[in-house]
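Visitor: Okay, here's the structure, questions in a sec.
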Amino acid sequence: MSQKIRIKLKSFDHMLLDKSAKKIVETVSSTGARVNGPIPLPTDKKIYTINRSTFVNKKSREQFELNSYCRLLDIYESTQKTIDTLAKLDLPSGIEVEIKVS
């Protein structure tokens, strides 16, 4: 039952994301599967411009930036034990996990 598992992690905090990716790599490699990654994907930057004043100073504006970081992990030669340990893994609440099995 050798399957390829692709895990995509997203977060606004890159240090929390790197710690979670390291935790996943350590648990999966302990089960005997091969891990490729974490591969950093390009950062998604969203910039918002807001007027500081509502009426008088139109030229006075403030800019805010929201960065979204992504990491990609590929797991090869996985077994049922690998899938069970991934299901039991506890990750922090600021991380979005997307898993594809093929």
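So you can find residues: chains in the structure tokens are A, B, ... in the order shown, residues in each start at 1, and ligands are numbered from 1 in order.
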Among chain A, which residues does DSSP mark as helix (DSSP H, G or I) when it is run on the backbone? Keep the chain and numbering as in the structure and answer as a ChimeraX atom specification.
Guide: /A:14-30,80-88
Visitor: For those residues, write N, CA, C and O atoms to a file as a compact mmCIF listing (two decimals), in the first residue's frame.
Guide:
```
# COMPACT_ATOMS: atom_id res chain seq x y z
N HIS A 14 5.22 32.52 9.98
CA HIS A 14 6.16 31.60 9.33
C HIS A 14 6.94 30.76 10.33
O HIS A 14 7.30 29.62 10.03
N MET A 15 7.18 31.24 11.54
CA MET A 15 7.90 30.44 12.53
C MET A 15 7.04 29.28 13.04
O MET A 15 7.54 28.16 13.20
N LEU A 16 5.77 29.53 13.25
CA LEU A 16 4.85 28.47 13.66
C LEU A 16 4.71 27.42 12.55
O LEU A 16 4.63 26.22 12.82
N LEU A 17 4.73 27.89 11.31
CA LEU A 17 4.62 27.00 10.15
C LEU A 17 5.85 26.11 10.04
O LEU A 17 5.73 24.90 9.79
N ASP A 18 7.04 26.66 10.25
CA ASP A 18 8.26 25.87 10.17
C ASP A 18 8.34 24.83 11.29
O ASP A 18 8.79 23.70 11.07
N LYS A 19 7.89 25.19 12.49
CA LYS A 19 7.88 24.23 13.60
C LYS A 19 6.93 23.08 13.32
O LYS A 19 7.23 21.92 13.61
N SER A 20 5.77 23.38 12.75
CA SER A 20 4.80 22.33 12.43
C SER A 20 5.31 21.42 11.33
O SER A 20 5.13 20.20 11.38
N ALA A 21 5.97 22.00 10.32
CA ALA A 21 6.53 21.19 9.23
C ALA A 21 7.63 20.27 9.77
O ALA A 21 7.72 19.11 9.37
N LYS A 22 8.45 20.79 10.67
CA LYS A 22 9.51 19.97 11.27
C LYS A 22 8.91 18.83 12.09
O LYS A 22 9.41 17.69 12.05
N LYS A 23 7.83 19.11 12.81
CA LYS A 23 7.16 18.08 13.61
C LYS A 23 6.59 16.98 12.71
O LYS A 23 6.70 15.79 13.02
N ILE A 24 6.00 17.36 11.58
CA ILE A 24 5.45 16.38 10.64
C ILE A 24 6.57 15.53 10.05
O ILE A 24 6.45 14.30 9.95
N VAL A 25 7.68 16.15 9.65
CA VAL A 25 8.81 15.42 9.06
C VAL A 25 9.37 14.42 10.06
O VAL A 25 9.67 13.27 9.70
N GLU A 26 9.52 14.81 11.32
CA GLU A 26 10.07 13.90 12.33
C GLU A 26 9.16 12.70 12.58
O GLU A 26 9.63 11.58 12.69
N THR A 27 7.84 12.93 12.66
CA THR A 27 6.93 11.82 12.94
C THR A 27 6.80 10.88 11.75
O THR A 27 6.73 9.66 11.93
N VAL A 28 6.81 11.43 10.55
CA VAL A 28 6.67 10.57 9.36
C VAL A 28 7.94 9.78 9.11
O VAL A 28 7.88 8.59 8.76
N SER A 29 9.10 10.40 9.29
CA SER A 29 10.35 9.68 9.06
C SER A 29 10.58 8.60 10.12
O SER A 29 11.28 7.63 9.86
N SER A 30 9.97 8.75 11.29
CA SER A 30 10.11 7.71 12.32
C SER A 30 9.31 6.45 11.96
O SER A 30 9.61 5.38 12.46
N GLN A 80 0.29 2.06 6.50
CA GLN A 80 -0.88 2.37 7.33
C GLN A 80 -0.46 3.03 8.64
O GLN A 80 -1.16 3.89 9.16
N LYS A 81 0.70 2.66 9.14
CA LYS A 81 1.22 3.27 10.37
C LYS A 81 1.50 4.75 10.15
O LYS A 81 1.25 5.58 11.04
N THR A 82 2.00 5.11 8.97
CA THR A 82 2.26 6.52 8.65
C THR A 82 0.97 7.33 8.65
O THR A 82 0.90 8.43 9.21
N ILE A 83 -0.07 6.79 8.05
CA ILE A 83 -1.35 7.48 7.99
C ILE A 83 -1.97 7.61 9.37
O ILE A 83 -2.55 8.65 9.71
N ASP A 84 -1.82 6.58 10.20
CA ASP A 84 -2.35 6.64 11.57
C ASP A 84 -1.65 7.70 12.40
O ASP A 84 -2.29 8.44 13.15
N THR A 85 -0.32 7.80 12.27
CA THR A 85 0.41 8.81 13.05
C THR A 85 0.10 10.22 12.55
O THR A 85 0.06 11.15 13.35
N LEU A 86 -0.15 10.39 11.26
CA LEU A 86 -0.54 11.70 10.74
C LEU A 86 -1.92 12.11 11.25
O LEU A 86 -2.17 13.28 11.52
N ALA A 87 -2.82 11.14 11.38
CA ALA A 87 -4.16 11.44 11.88
C ALA A 87 -4.15 11.82 13.35
O ALA A 87 -4.95 12.65 13.80
N LYS A 88 -3.22 11.25 14.12
CA LYS A 88 -3.14 11.53 15.55
C LYS A 88 -2.30 12.76 15.88
O LYS A 88 -2.27 13.19 17.02
```
Visitor: Per DSSP on the backbone, filter region 1-82 of chain A down to the residues in strand (DSSP E) and report them as a PyMOL selection string.
Guide: chain A and resi 5-11+34-51+61-76
Visitor: Applying 8 Å and only C-alpha atoms, which residues near region 61-64 of chain A remain after dropping the ones on its own chain fewer than 2 positions away? List them as a list in words.
Guide: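 Within the cut-off, the hits are Ile47, Tyr48, Thr49, Ile50, Asn51, Arg52, Ser53, Lys58, Lys59 and Leu66 of chain A.
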Visitor: I want to know what sits within 10 Å of Glu77 (chain A), based on only C-alpha atoms, with residues of the same chain fewer than 4 positions away left out; could you give that as a ChimeraX atom specification?
Guide: /A:1-5,32-35,82
Visitor: So that I can see what lies close to Lys10 (chain A), please list as a PyMOL selection string the residues with an atom at most 6 Å from it, counting only C-alpha atoms and leaving out residues fewer than 6 positions away in the same chain.
Guide: chain A and resi 69-70+95-96
Visitor: For Pro92 (chain A), which of A:Asp13, A:Lys8, A:Ile75, A:Glu65 is the closest residue, counting only C-alpha atoms?
Guide: A:Asp13
Visitor: Can you tell me, as a list in words, what residues are no more than 8 Å from Gly37 (chain A) when counting only C-alpha atoms, ignoring any on the same chain fewer than 5 positions away?
Guide: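 Using only C-alpha atoms, the neighbours found are Leu72, Leu73 and Asp74 of chain A.
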Visitor: Save the residues we just selected, N, CA, C and O atoms, as a tab-separated table (two decimals), in the first residue's frame?
Guide:
```tsv
chain	number	residue	atom	x	y	z
A	72	LEU	N	5.15	22.92	1.42
A	72	LEU	CA	4.67	21.72	0.74
A	72	LEU	C	5.52	20.54	1.18
A	72	LEU	O	6.76	20.62	1.19
A	73	LEU	N	4.86	19.44	1.54
A	73	LEU	CA	5.54	18.20	1.95
A	73	LEU	C	5.03	17.06	1.09
A	73	LEU	O	3.81	16.90	0.93
A	74	ASP	N	5.94	16.26	0.53
A	74	ASP	CA	5.57	15.05	-0.20
A	74	ASP	C	6.07	13.85	0.58
A	74	ASP	O	7.24	13.80	0.97
```
Visitor: Could you check how far CA of Thr43 (chain A) sits from CA of Val101 (chain A), in Å to one decimal?
Guide: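 Computing it gives 24.5 Å between the two atoms.
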Visitor: Quote the spacing between CA of Ser68 (chain A) and CA of Leu91 (chain A) in Å to one decimal place.
Guide: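 So the answer is 17.6 Å.
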Visitor: Which is closest to Pro38 (chain A) among A:Ile99, A:Gly94, A:Leu89, A:Arg6, if we use only C-alpha atoms?
Guide: A:Arg6
Visitor: Which one of A:Lys100, A:Ser78, A:Ser93, A:Leu9 sits closest to Leu41 (chain A) if you count only C-alpha atoms?
Guide: A:Leu9
